[in-house]
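Peer 1: Sending over data_29.cif (mmCIF, C-alpha atoms).
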```
data_work
#
loop_
_atom_site.group_PDB
_atom_site.id
_atom_site.type_symbol
_atom_site.label_atom_id
_atom_site.label_comp_id
_atom_site.auth_asym_id
_atom_site.auth_seq_id
_atom_site.Cartn_x
_atom_site.Cartn_y
_atom_site.Cartn_z
ATOM 1 C CA MET F 1 -63.372 2.229 -6.755
ATOM 2 C CA ARG F 2 -61.653 4.249 -9.457
ATOM 3 C CA ALA F 3 -60.472 6.860 -6.950
ATOM 4 C CA ALA F 4 -58.749 4.145 -4.900
ATOM 5 C CA ARG F 5 -57.147 2.786 -8.060
ATOM 6 C CA LEU F 6 -55.847 6.233 -9.075
ATOM 7 C CA ILE F 7 -54.328 6.736 -5.628
ATOM 8 C CA LYS F 8 -52.692 3.325 -5.823
ATOM 9 C CA MET F 9 -51.290 4.188 -9.254
ATOM 10 C CA VAL F 10 -49.708 7.386 -7.913
ATOM 11 C CA LEU F 11 -48.195 5.518 -4.970
ATOM 12 C CA LEU F 12 -46.798 2.826 -7.251
ATOM 13 C CA LEU F 13 -45.144 5.414 -9.486
ATOM 14 C CA GLN F 14 -43.829 7.326 -6.485
ATOM 15 C CA SER F 15 -42.188 4.206 -5.066
ATOM 16 C CA ARG F 16 -40.411 3.246 -8.314
ATOM 17 C CA PRO F 17 -38.463 5.165 -10.979
ATOM 18 C CA ALA F 18 -40.776 4.019 -13.783
ATOM 19 C CA MET F 19 -43.330 1.332 -14.642
ATOM 20 C CA THR F 20 -44.551 0.027 -17.968
ATOM 21 C CA ALA F 21 -48.233 -0.058 -18.823
ATOM 22 C CA ALA F 22 -48.121 -3.861 -18.533
ATOM 23 C CA GLU F 23 -46.605 -3.691 -15.038
ATOM 24 C CA LEU F 24 -49.190 -1.165 -13.885
ATOM 25 C CA ALA F 25 -52.014 -3.184 -15.397
ATOM 26 C CA ARG F 26 -50.808 -6.269 -13.535
ATOM 27 C CA GLU F 27 -50.514 -4.431 -10.198
ATOM 28 C CA LEU F 28 -53.859 -2.659 -10.573
ATOM 29 C CA GLU F 29 -55.612 -5.704 -12.065
ATOM 30 C CA VAL F 30 -56.946 -3.735 -15.042
ATOM 31 C CA SER F 31 -56.227 -3.588 -18.776
ATOM 32 C CA GLU F 32 -53.423 -1.526 -20.303
ATOM 33 C CA ARG F 33 -56.071 0.642 -21.963
ATOM 34 C CA THR F 34 -57.483 1.458 -18.515
ATOM 35 C CA VAL F 35 -53.970 2.350 -17.340
ATOM 36 C CA THR F 36 -53.684 4.815 -20.223
ATOM 37 C CA ARG F 37 -57.023 6.404 -19.340
ATOM 38 C CA ASP F 38 -56.118 6.603 -15.655
ATOM 39 C CA ALA F 39 -52.773 8.244 -16.432
ATOM 40 C CA GLN F 40 -54.584 10.828 -18.542
ATOM 41 C CA ALA F 41 -57.074 11.480 -15.720
ATOM 42 C CA LEU F 42 -54.255 11.987 -13.224
ATOM 43 C CA SER F 43 -52.489 14.390 -15.559
ATOM 44 C CA GLU F 44 -55.687 16.422 -16.015
ATOM 45 C CA ALA F 45 -56.094 16.533 -12.221
ATOM 46 C CA GLY F 46 -52.640 18.081 -11.835
ATOM 47 C CA VAL F 47 -50.601 15.007 -10.977
ATOM 48 C CA PRO F 48 -47.459 15.187 -13.186
ATOM 49 C CA VAL F 49 -47.608 11.753 -14.819
ATOM 50 C CA TYR F 50 -45.950 11.374 -18.189
ATOM 51 C CA ALA F 51 -45.088 8.501 -20.492
ATOM 52 C CA ASP F 52 -41.755 7.772 -22.168
ATOM 53 C CA ARG F 53 -41.876 5.821 -25.387
ATOM 54 C CA GLY F 54 -39.314 3.324 -26.598
ATOM 55 C CA ARG F 55 -37.692 0.139 -25.344
ATOM 56 C CA ILE F 56 -37.005 1.457 -21.824
ATOM 57 C CA GLY F 57 -40.055 3.662 -21.704
ATOM 58 C CA GLY F 58 -42.888 3.640 -19.221
ATOM 59 C CA TYR F 59 -44.881 5.890 -16.939
ATOM 60 C CA ARG F 60 -43.078 8.227 -14.538
ATOM 61 C CA LEU F 61 -43.744 11.077 -12.165
ATOM 62 C CA VAL F 62 -41.959 14.370 -12.729
ATOM 63 C CA GLY F 63 -38.849 14.309 -10.541
ATOM 64 C CA GLY F 64 -39.409 15.469 -6.983
ATOM 65 C CA TYR F 65 -43.191 15.080 -6.995
ATOM 66 C CA ARG F 66 -44.461 13.692 -3.676
ATOM 67 C CA THR F 67 -48.038 12.771 -2.917
ATOM 68 C CA ARG F 68 -49.479 13.627 0.471
ATOM 69 C CA LEU F 69 -51.908 10.710 0.282
ATOM 70 C CA THR F 70 -49.849 8.526 2.611
ATOM 71 C CA GLY F 71 -51.966 8.531 5.781
ATOM 72 C CA LEU F 72 -52.804 4.988 6.820
ATOM 73 C CA ALA F 73 -56.405 4.036 7.439
ATOM 74 C CA ARG F 74 -57.031 1.941 10.572
ATOM 75 C CA SER F 75 -57.675 -1.245 8.596
ATOM 76 C CA GLU F 76 -54.479 -0.673 6.580
ATOM 77 C CA ALA F 77 -52.388 -0.072 9.691
ATOM 78 C CA GLU F 78 -53.768 -3.210 11.367
ATOM 79 C CA ALA F 79 -53.212 -5.267 8.229
ATOM 80 C CA LEU F 80 -49.644 -3.991 7.923
ATOM 81 C CA PHE F 81 -48.704 -5.750 11.158
ATOM 82 C CA LEU F 82 -49.874 -9.025 9.590
ATOM 83 C CA SER F 83 -48.166 -8.511 6.251
ATOM 84 C CA GLY F 84 -45.654 -11.264 6.997
ATOM 85 C CA VAL F 85 -48.516 -13.775 6.878
ATOM 86 C CA PRO F 86 -49.868 -13.367 3.333
ATOM 87 C CA GLY F 87 -51.973 -16.530 3.366
ATOM 88 C CA ALA F 88 -53.766 -15.492 6.555
ATOM 89 C CA LEU F 89 -54.400 -11.997 5.164
ATOM 90 C CA ARG F 90 -55.886 -13.448 2.006
ATOM 91 C CA GLU F 91 -58.171 -15.810 3.918
ATOM 92 C CA MET F 92 -59.433 -13.008 6.188
ATOM 93 C CA GLY F 93 -60.126 -10.721 3.219
ATOM 94 C CA LEU F 94 -57.416 -8.205 4.207
ATOM 95 C CA GLU F 95 -55.055 -8.618 1.267
ATOM 96 C CA ASP F 96 -56.085 -5.351 -0.427
ATOM 97 C CA ALA F 97 -55.746 -3.353 2.801
ATOM 98 C CA ALA F 98 -52.268 -4.750 3.407
ATOM 99 C CA SER F 99 -51.230 -3.989 -0.172
ATOM 100 C CA ALA F 100 -52.390 -0.382 0.170
ATOM 101 C CA ALA F 101 -50.594 -0.023 3.510
ATOM 102 C CA ARG F 102 -47.319 -1.343 2.091
ATOM 103 C CA LEU F 103 -47.566 1.060 -0.830
ATOM 104 C CA LYS F 104 -48.125 4.020 1.478
ATOM 105 C CA VAL F 105 -45.195 3.059 3.654
ATOM 106 C CA SER F 106 -43.033 2.546 0.573
ATOM 107 C CA ALA F 107 -44.029 5.968 -0.771
ATOM 108 C CA ALA F 108 -43.016 7.610 2.501
ATOM 109 C CA LEU F 109 -39.579 5.961 2.651
ATOM 110 C CA LEU F 110 -36.340 7.298 1.289
ATOM 111 C CA PRO F 111 -35.541 5.979 -2.220
ATOM 112 C CA SER F 112 -32.690 3.882 -0.822
ATOM 113 C CA LEU F 113 -35.111 2.021 1.472
ATOM 114 C CA ARG F 114 -37.969 1.343 -0.917
ATOM 115 C CA ASP F 115 -36.888 -2.205 -1.655
ATOM 116 C CA ALA F 116 -37.124 -3.102 2.048
ATOM 117 C CA SER F 117 -40.442 -4.916 1.691
ATOM 118 C CA ARG F 118 -39.136 -7.003 -1.213
ATOM 119 C CA THR F 119 -35.853 -7.914 0.496
ATOM 120 C CA ALA F 120 -37.668 -8.811 3.726
ATOM 121 C CA ALA F 121 -40.128 -11.032 1.834
ATOM 122 C CA GLN F 122 -37.186 -12.923 0.316
ATOM 123 C CA ARG F 123 -35.776 -13.625 3.773
ATOM 124 C CA PHE F 124 -38.836 -14.661 5.791
ATOM 125 C CA HIS F 125 -41.977 -16.601 4.916
ATOM 126 C CA LEU F 126 -44.498 -18.261 7.232
ATOM 127 C CA ASP F 127 -46.119 -21.462 5.976
ATOM 128 C CA ALA F 128 -48.727 -22.267 8.615
ATOM 129 C CA PRO F 129 -50.466 -25.515 7.512
ATOM 130 C CA ASN F 130 -49.176 -28.971 8.393
ATOM 131 C CA TRP F 131 -47.414 -31.153 5.855
ATOM 132 C CA PHE F 132 -49.581 -33.521 3.813
ATOM 133 C CA ARG F 133 -52.698 -31.512 4.545
ATOM 134 C CA GLU F 134 -54.643 -29.491 2.039
ATOM 135 C CA PRO F 135 -55.600 -26.186 3.741
ATOM 136 C CA VAL F 136 -59.267 -25.255 3.453
ATOM 137 C CA THR F 137 -60.401 -21.686 4.125
ATOM 138 C CA PRO F 138 -63.626 -21.576 6.179
ATOM 139 C CA GLU F 139 -66.318 -19.872 4.142
ATOM 140 C CA LEU F 140 -67.408 -17.687 7.066
ATOM 141 C CA LEU F 141 -63.889 -16.571 8.067
ATOM 142 C CA PRO F 142 -64.038 -13.102 6.399
ATOM 143 C CA ALA F 143 -67.318 -12.302 8.162
ATOM 144 C CA VAL F 144 -65.875 -13.371 11.518
ATOM 145 C CA ALA F 145 -62.670 -11.413 10.858
ATOM 146 C CA ASP F 146 -64.660 -8.248 10.088
ATOM 147 C CA ALA F 147 -66.479 -8.584 13.411
ATOM 148 C CA VAL F 148 -63.184 -9.116 15.248
ATOM 149 C CA TRP F 149 -61.659 -5.950 13.775
ATOM 150 C CA ASP F 150 -64.793 -3.874 14.484
ATOM 151 C CA ASP F 151 -65.520 -5.287 17.973
ATOM 152 C CA ARG F 152 -69.052 -6.203 16.853
ATOM 153 C CA ARG F 153 -71.154 -8.857 18.501
ATOM 154 C CA ILE F 154 -72.099 -11.790 16.321
ATOM 155 C CA THR F 155 -74.841 -14.391 16.418
ATOM 156 C CA ALA F 156 -73.240 -17.667 15.390
ATOM 157 C CA ARG F 157 -74.606 -21.124 14.732
ATOM 158 C CA TYR F 158 -72.116 -23.967 14.974
ATOM 159 C CA ARG F 159 -72.035 -27.743 14.896
ATOM 160 C CA ARG F 160 -71.576 -29.492 18.233
ATOM 161 C CA ASP F 161 -71.615 -33.261 17.910
ATOM 162 C CA ASP F 162 -74.834 -34.063 16.007
ATOM 163 C CA THR F 163 -76.672 -30.840 16.821
ATOM 164 C CA GLU F 164 -76.466 -27.151 15.985
ATOM 165 C CA VAL F 165 -76.159 -24.547 18.726
ATOM 166 C CA GLU F 166 -76.704 -20.796 18.502
ATOM 167 C CA ARG F 167 -74.713 -18.343 20.623
ATOM 168 C CA GLU F 168 -74.325 -14.583 20.839
ATOM 169 C CA LEU F 169 -70.588 -13.983 20.994
ATOM 170 C CA GLU F 170 -68.148 -11.143 21.504
ATOM 171 C CA PRO F 171 -65.329 -12.059 19.098
ATOM 172 C CA TYR F 172 -61.998 -11.109 20.673
ATOM 173 C CA GLY F 173 -59.378 -12.691 18.427
ATOM 174 C CA LEU F 174 -58.456 -15.158 15.709
ATOM 175 C CA VAL F 175 -55.795 -17.845 15.911
ATOM 176 C CA LEU F 176 -54.380 -19.850 13.001
ATOM 177 C CA LYS F 177 -53.037 -23.130 14.378
ATOM 178 C CA ALA F 178 -51.493 -25.648 11.972
ATOM 179 C CA GLY F 179 -53.764 -24.505 9.138
ATOM 180 C CA VAL F 180 -56.953 -24.461 11.271
ATOM 181 C CA TRP F 181 -58.685 -21.181 12.197
ATOM 182 C CA TYR F 182 -60.055 -20.665 15.722
ATOM 183 C CA LEU F 183 -62.114 -17.857 17.260
ATOM 184 C CA CYS F 184 -61.470 -16.802 20.850
ATOM 185 C CA ALA F 185 -64.696 -15.211 22.060
ATOM 186 C CA ARG F 186 -66.645 -14.280 25.159
ATOM 187 C CA VAL F 187 -70.213 -15.501 25.450
ATOM 188 C CA ALA F 188 -72.342 -12.347 25.526
ATOM 189 C CA GLY F 189 -73.681 -11.494 28.960
ATOM 190 C CA THR F 190 -71.137 -13.661 30.791
ATOM 191 C CA GLU F 191 -67.463 -13.612 31.740
ATOM 192 C CA ALA F 192 -66.839 -16.960 30.036
ATOM 193 C CA PHE F 193 -64.259 -17.070 27.243
ATOM 194 C CA ARG F 194 -64.352 -20.008 24.851
ATOM 195 C CA VAL F 195 -62.582 -21.235 21.726
ATOM 196 C CA TYR F 196 -64.479 -22.209 18.561
ATOM 197 C CA ARG F 197 -63.283 -23.832 15.353
ATOM 198 C CA ILE F 198 -64.484 -21.542 12.588
ATOM 199 C CA ASP F 199 -64.962 -24.371 10.098
ATOM 200 C CA ARG F 200 -67.748 -25.642 12.377
ATOM 201 C CA PHE F 201 -69.743 -22.419 12.072
ATOM 202 C CA THR F 202 -72.782 -22.821 9.827
ATOM 203 C CA ALA F 203 -74.008 -19.206 10.016
ATOM 204 C CA VAL F 204 -72.626 -15.904 11.291
ATOM 205 C CA GLU F 205 -74.530 -12.634 11.529
ATOM 206 C CA ALA F 206 -72.831 -9.473 12.779
ATOM 207 C CA GLY F 207 -75.024 -6.902 14.500
ATOM 208 C CA GLU F 208 -74.570 -3.158 14.766
ATOM 209 C CA GLU F 209 -73.851 -3.305 18.493
ATOM 210 C CA ARG F 210 -70.223 -3.003 19.543
ATOM 211 C CA PHE F 211 -68.892 -4.523 22.728
ATOM 212 C CA GLU F 212 -66.303 -3.144 25.099
ATOM 213 C CA ARG F 213 -63.210 -5.290 25.183
ATOM 214 C CA ALA F 214 -61.803 -6.356 28.537
ATOM 215 C CA ALA F 215 -58.677 -4.242 29.003
ATOM 216 C CA ASP F 216 -56.700 -7.119 30.518
ATOM 217 C CA PHE F 217 -57.410 -9.640 27.740
ATOM 218 C CA ASP F 218 -54.138 -10.932 26.234
ATOM 219 C CA LEU F 219 -54.764 -13.104 23.178
ATOM 220 C CA PRO F 220 -51.360 -14.890 23.033
ATOM 221 C CA ALA F 221 -51.451 -15.663 26.772
ATOM 222 C CA PHE F 222 -55.092 -16.813 26.592
ATOM 223 C CA TRP F 223 -54.368 -19.112 23.664
ATOM 224 C CA GLU F 224 -51.275 -20.594 25.295
ATOM 225 C CA GLU F 225 -53.236 -21.383 28.454
ATOM 226 C CA ARG F 226 -56.209 -22.897 26.610
ATOM 227 C CA ALA F 227 -54.000 -24.893 24.245
ATOM 228 C CA GLU F 228 -52.161 -26.398 27.221
ATOM 229 C CA GLN F 229 -55.465 -27.195 28.965
ATOM 230 C CA PHE F 230 -56.766 -28.852 25.809
ATOM 231 C CA ALA F 231 -53.638 -30.951 25.363
ATOM 232 C CA ARG F 232 -53.811 -32.112 28.984
ATOM 233 C CA SER F 233 -57.525 -32.881 28.751
ATOM 234 C CA LEU F 234 -56.755 -35.482 26.092
ATOM 235 C CA LEU F 235 -54.384 -37.404 28.366
ATOM 236 C CA ARG F 236 -56.862 -39.675 30.164
ATOM 237 C CA ALA F 237 -54.748 -42.830 30.629
ATOM 238 C CA GLU F 238 -51.330 -43.788 31.962
ATOM 239 C CA VAL F 239 -48.659 -46.227 30.860
ATOM 240 C CA VAL F 240 -45.487 -47.364 32.626
ATOM 241 C CA VAL F 241 -42.440 -47.838 30.428
ATOM 242 C CA ARG F 242 -38.704 -48.452 30.674
ATOM 243 C CA LEU F 243 -36.463 -46.369 28.446
ATOM 244 C CA THR F 244 -32.848 -46.595 27.343
ATOM 245 C CA ALA F 245 -30.764 -43.410 27.385
ATOM 246 C CA GLN F 246 -31.608 -43.009 23.687
ATOM 247 C CA GLY F 247 -35.303 -43.548 24.473
ATOM 248 C CA VAL F 248 -35.167 -40.832 27.152
ATOM 249 C CA ARG F 249 -33.767 -38.385 24.600
ATOM 250 C CA ARG F 250 -36.334 -39.292 21.957
ATOM 251 C CA LEU F 251 -39.438 -39.468 24.161
ATOM 252 C CA PRO F 252 -40.322 -35.711 24.031
ATOM 253 C CA HIS F 253 -40.255 -35.916 20.223
ATOM 254 C CA THR F 254 -42.620 -38.898 20.203
ATOM 255 C CA VAL F 255 -45.393 -38.031 22.699
ATOM 256 C CA ASP F 256 -46.743 -34.743 24.099
ATOM 257 C CA PRO F 257 -43.517 -32.816 24.895
ATOM 258 C CA ALA F 258 -44.715 -31.138 28.109
ATOM 259 C CA SER F 259 -46.055 -34.401 29.536
ATOM 260 C CA ALA F 260 -42.875 -36.243 28.592
ATOM 261 C CA ARG F 261 -40.662 -33.652 30.296
ATOM 262 C CA GLU F 262 -42.781 -33.743 33.482
ATOM 263 C CA ALA F 263 -42.806 -37.547 33.554
ATOM 264 C CA LEU F 264 -39.034 -37.711 33.080
ATOM 265 C CA ALA F 265 -38.494 -35.102 35.805
ATOM 266 C CA GLU F 266 -40.505 -37.229 38.262
ATOM 267 C CA ALA F 267 -38.773 -40.484 37.291
ATOM 268 C CA GLY F 268 -35.982 -41.977 39.324
ATOM 269 C CA GLY F 269 -32.446 -42.552 38.139
ATOM 270 C CA PRO F 270 -31.288 -45.306 35.758
ATOM 271 C CA ASP F 271 -31.306 -48.893 36.985
ATOM 272 C CA GLY F 272 -28.335 -51.237 36.836
ATOM 273 C CA ASP F 273 -28.795 -51.689 33.080
ATOM 274 C CA GLY F 274 -29.076 -47.935 32.438
ATOM 275 C CA TRP F 275 -32.842 -47.992 31.875
ATOM 276 C CA VAL F 276 -35.210 -45.348 33.328
ATOM 277 C CA THR F 277 -38.753 -46.272 34.427
ATOM 278 C CA VAL F 278 -41.360 -43.599 33.619
ATOM 279 C CA THR F 279 -45.094 -43.240 34.310
ATOM 280 C CA LEU F 280 -46.433 -41.426 31.285
ATOM 281 C CA PRO F 281 -49.901 -39.839 30.742
ATOM 282 C CA VAL F 282 -51.318 -40.722 27.310
ATOM 283 C CA GLU F 283 -54.508 -40.190 25.358
ATOM 284 C CA SER F 284 -55.361 -43.893 25.074
ATOM 285 C CA GLU F 285 -53.719 -47.287 24.700
ATOM 286 C CA GLU F 286 -54.255 -47.085 20.943
ATOM 287 C CA VAL F 287 -52.511 -43.708 20.678
ATOM 288 C CA ALA F 288 -49.750 -44.809 23.071
ATOM 289 C CA HIS F 289 -49.099 -47.885 20.925
ATOM 290 C CA THR F 290 -48.768 -45.750 17.796
ATOM 291 C CA GLN F 291 -46.501 -43.195 19.470
ATOM 292 C CA LEU F 292 -44.251 -45.549 21.420
ATOM 293 C CA THR F 293 -43.752 -47.871 18.447
ATOM 294 C CA ALA F 294 -41.543 -45.118 17.009
ATOM 295 C CA LEU F 295 -39.032 -45.733 19.833
ATOM 296 C CA GLY F 296 -38.432 -49.337 18.715
ATOM 297 C CA ALA F 297 -36.206 -51.326 21.051
ATOM 298 C CA ASP F 298 -35.458 -48.246 23.172
ATOM 299 C CA VAL F 299 -38.745 -48.689 25.087
ATOM 300 C CA GLU F 300 -40.301 -51.566 27.037
ATOM 301 C CA VAL F 301 -43.926 -51.314 28.143
ATOM 302 C CA LEU F 302 -44.447 -52.584 31.709
ATOM 303 C CA ALA F 303 -48.105 -51.620 32.203
ATOM 304 C CA PRO F 304 -50.942 -51.886 31.462
ATOM 305 C CA ARG F 305 -50.713 -55.576 30.686
ATOM 306 C CA SER F 306 -52.976 -55.257 27.631
ATOM 307 C CA LEU F 307 -50.612 -52.768 26.002
ATOM 308 C CA ARG F 308 -47.568 -54.905 26.829
ATOM 309 C CA GLU F 309 -49.262 -57.907 25.224
ATOM 310 C CA ARG F 310 -50.037 -55.829 22.133
ATOM 311 C CA PHE F 311 -46.348 -54.923 21.766
ATOM 312 C CA ALA F 312 -45.325 -58.528 22.358
ATOM 313 C CA ALA F 313 -47.721 -59.778 19.671
ATOM 314 C CA GLU F 314 -46.474 -57.178 17.206
ATOM 315 C CA ALA F 315 -42.849 -58.027 18.006
ATOM 316 C CA ALA F 316 -43.623 -61.685 17.279
ATOM 317 C CA ARG F 317 -45.195 -60.794 13.937
ATOM 318 C CA LEU F 318 -42.178 -58.667 13.025
ATOM 319 C CA ALA F 319 -39.778 -61.440 14.030
ATOM 320 C CA GLU F 320 -41.673 -63.878 11.809
ATOM 321 C CA LEU F 321 -41.807 -61.398 8.956
ATOM 322 C CA TYR F 322 -38.034 -60.821 9.032
ATOM 323 C CA ARG F 323 -37.045 -64.445 9.793
ATOM 324 C CA PRO F 324 -34.315 -65.576 7.375
ATOM 325 C CA ARG F 325 -35.878 -67.496 4.514
#
```
Could you express the structure from this file as structure tokens?

Peer 2:
Amino acid sequence: MRAARLIKMVLLLQSRPAMTAAELARELEVSERTVTRDAQALSEAGVPVYADRGRIGGYRLVGGYRTRLTGLARSEAEALFLSGVPGALREMGLEDAASAARLKVSAALLPSLRDASRTAAQRFHLDAPNWFREPVTPELLPAVADAVWDDRRITARYRRDDTEVERELEPYGLVLKAGVWYLCARVAGTEAFRVYRIDRFTAVEAGEERFERAADFDLPAFWEERAEQFARSLLRAEVVVRLTAQGVRRLPHTVDPASAREALAEAGGPDGDGWVTVTLPVESEEVAHTQLTALGADVEVLAPRSLRERFAAEAARLAELYRPR
């Protein structure tokens, strides 16, 4: 633990002209007294660390000193590619590895480029969760992430409806979708790949056995395919609607975009009044009512009759509500 901290201290000083004891203590998450002791230990080990006193003082390395401790460990290199997603790194337990990797890269750069990580961070930030939703980190996420990085089989128990099921899985990859973590895994002993919500896991145990990854597995392509299948599986009903030109433009922003585009592509041209009739797949009448209400007077429901009657009843209530008093 202390050895890693001493290395980090050297890398910090190598990447900056000077740092105060307070700055080092904050970066290393120790007290200023510990910083003083660590600086003394480095000096005794031959690392030329010295302290300047006064208002602009601080700890420095003798000019020109370069550490050779810049080789990236595998976990650090992997974490570095995720360093633009700090929240995800923190939730997977990789924040320390990413910090060490950034320091090593910074130490290896020319002095004129050492602020690159800071300037990049000020220009791009990914905020994954949805609005109006408090993100919750699954308790078992770090354990699952460790197994993913190490290609280790896991035995997982998860909630399915009102029961718990146990599976031996080969964890291939993690996906963070709108603040929810998913595991893409192959069921051990089969060729079947499945997707699991990690917040439904109740227990995860990683074994010592490693699995051999399928060479042709492509996580982004797999997720895109499964996400599309899932979205389509929800669309179990159909409605027939008429849309104004404005309604046609707004429809893909109101219902499932892919389904809306396909339905519009299959629709005929505008009628004499400029309206387009569309047969639209939807999840249910209830969901269709909620979604299509957003289109206001730019949509008319033709079928099913029960949905049309629901819109008519709501229109009557609105007309009564806004009747001049």

Peer 1: Take the PyMOL selection byres ((chain F and resi 280-297) around 10), run it mentally on this structure, and tell me the resulting residues as a PyMOL selection string.

Peer 2: chain F and resi 231-241+243-244+246-248+250-251+253-256+259-264+267+277-279+298-301+304+306-308+310-311+314-315

Peer 1: Between CA of Ala147 in chain F and CA of Trp181 in chain F, what is the distance, to one decimal in Å?

Peer 2: 14.9 Å

Peer 1: Which residues fall under the PyMOL selection byres ((chain F and resi 214-230) around 9) in this file, as number ranges by chain?

Peer 2: F: 172-175, 184, 194-195, 212-213, 231-234, 258

Peer 1: Hey, what's within 6 Å of Tyr59 in chain F if we count only C-alpha atoms and toss same-chain stuff fewer than 5 positions away? As an mmCIF file with C-alpha atoms, keeping the file's coordinate frame, please?

Peer 2:
```
data_model
loop_
_atom_site.group_PDB
_atom_site.id
_atom_site.type_symbol
_atom_site.label_atom_id
_atom_site.label_comp_id
_atom_site.auth_asym_id
_atom_site.auth_seq_id
_atom_site.Cartn_x
_atom_site.Cartn_y
_atom_site.Cartn_z
ATOM 1 C CA ALA F 18 -40.776 4.019 -13.783
ATOM 2 C CA MET F 19 -43.330 1.332 -14.642
ATOM 3 C CA THR F 20 -44.551 0.027 -17.968
ATOM 4 C CA TYR F 50 -45.950 11.374 -18.189
ATOM 5 C CA ALA F 51 -45.088 8.501 -20.492
#
```

Peer 1: What does the distance from CA of Gln14 in chain F to CA of Glu95 in chain F come to in Å, to one decimal?

Peer 2: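 Separating CA of Gln14 in chain F from CA of Glu95 in chain F is a distance of 21.0 Å.
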
Peer 1: List, as a PyMOL selection string, every residue that the PyMOL selection byres ((chain F and resi 189-192) around 10) selects in the file provided.

Peer 2: chain F and resi 168-170+185-188+193-194+214

Peer 1: What is the CA of Val35 in chain F-CA of Ser15 in chain F distance in Å, reported with one decimal?

Peer 2: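 Result for CA of Val35 in chain F versus CA of Ser15 in chain F: 17.1 Å, one decimal.
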
Peer 1: Given 5 Å of margin on each side, can you work out the centre and size in Å (one decimal) of an axis-aligned box holding every listed atom of range 284-291 of chain F, as lines of an AutoDock Vina configuration file?

Peer 2:
```
center_x = -50.9
center_y = -45.5
center_z = 21.4
size_x = 18.9
size_y = 14.7
size_z = 17.3
```

Peer 1: With only C-alpha atoms as the basis for distance, which of F:Ala206, F:Leu28, F:Ala313, F:Ala303 is at the shortest distance from Trp149 in chain F?

Peer 2: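 Counting only C-alpha atoms, the residue closest to Trp149 in chain F is F:Ala206.
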
Peer 1: Hey, what's within 12 Å of Val165 in chain F if we count all atoms listed in the file and toss same-chain stuff fewer than 2 positions away? As a list in words, please?

Peer 2: Thr155, Ala156, Arg157, Tyr158, Arg159, Arg160, Asp161, Asp162, Thr163, Arg167, Glu168, Tyr196, Arg200, Phe201, Thr202, Ala203 and Val204 of chain F

Peer 1: Skipping near chain neighbours, those fewer than 6 positions away, what residues fall within 12 Å of Ala45 in chain F using all atoms listed in the file, listed as a PDB file with C-alpha atoms, in the frame of the given file?

Peer 2:
```pdb
ATOM      1  CA  ALA F   3     -60.472   6.860  -6.950  1.00  0.00           C
ATOM      2  CA  LEU F   6     -55.847   6.233  -9.075  1.00  0.00           C
ATOM      3  CA  ILE F   7     -54.328   6.736  -5.628  1.00  0.00           C
ATOM      4  CA  VAL F  10     -49.708   7.386  -7.913  1.00  0.00           C
ATOM      5  CA  ASP F  38     -56.118   6.603 -15.655  1.00  0.00           C
ATOM      6  CA  ALA F  39     -52.773   8.244 -16.432  1.00  0.00           C
TER       7      ALA F  39
END
```

Peer 1: Can you tell me, as a short mmCIF file (atom, residue, chain, number, x, y, z; two decimals) with C-alpha atoms, keeping the file's coordinate frame, what residues are no more than 6 Å from range 130-146 of chain F when counting only C-alpha atoms, ignoring any on the same chain fewer than 4 positions away?

Peer 2:
```cif
data_model
loop_
_atom_site.label_atom_id
_atom_site.label_comp_id
_atom_site.auth_asym_id
_atom_site.auth_seq_id
_atom_site.Cartn_x
_atom_site.Cartn_y
_atom_site.Cartn_z
CA MET F 92 -59.43 -13.01 6.19
CA GLY F 93 -60.13 -10.72 3.22
CA ALA F 178 -51.49 -25.65 11.97
CA GLY F 179 -53.76 -24.50 9.14
CA ASP F 199 -64.96 -24.37 10.10
#
```

Peer 1: Counting only C-alpha atoms, figure out which residue out of F:Ala245, F:Val276, F:Ile198, F:Ala41 gets nearest to Lys177 in chain F.

Peer 2: F:Ile198
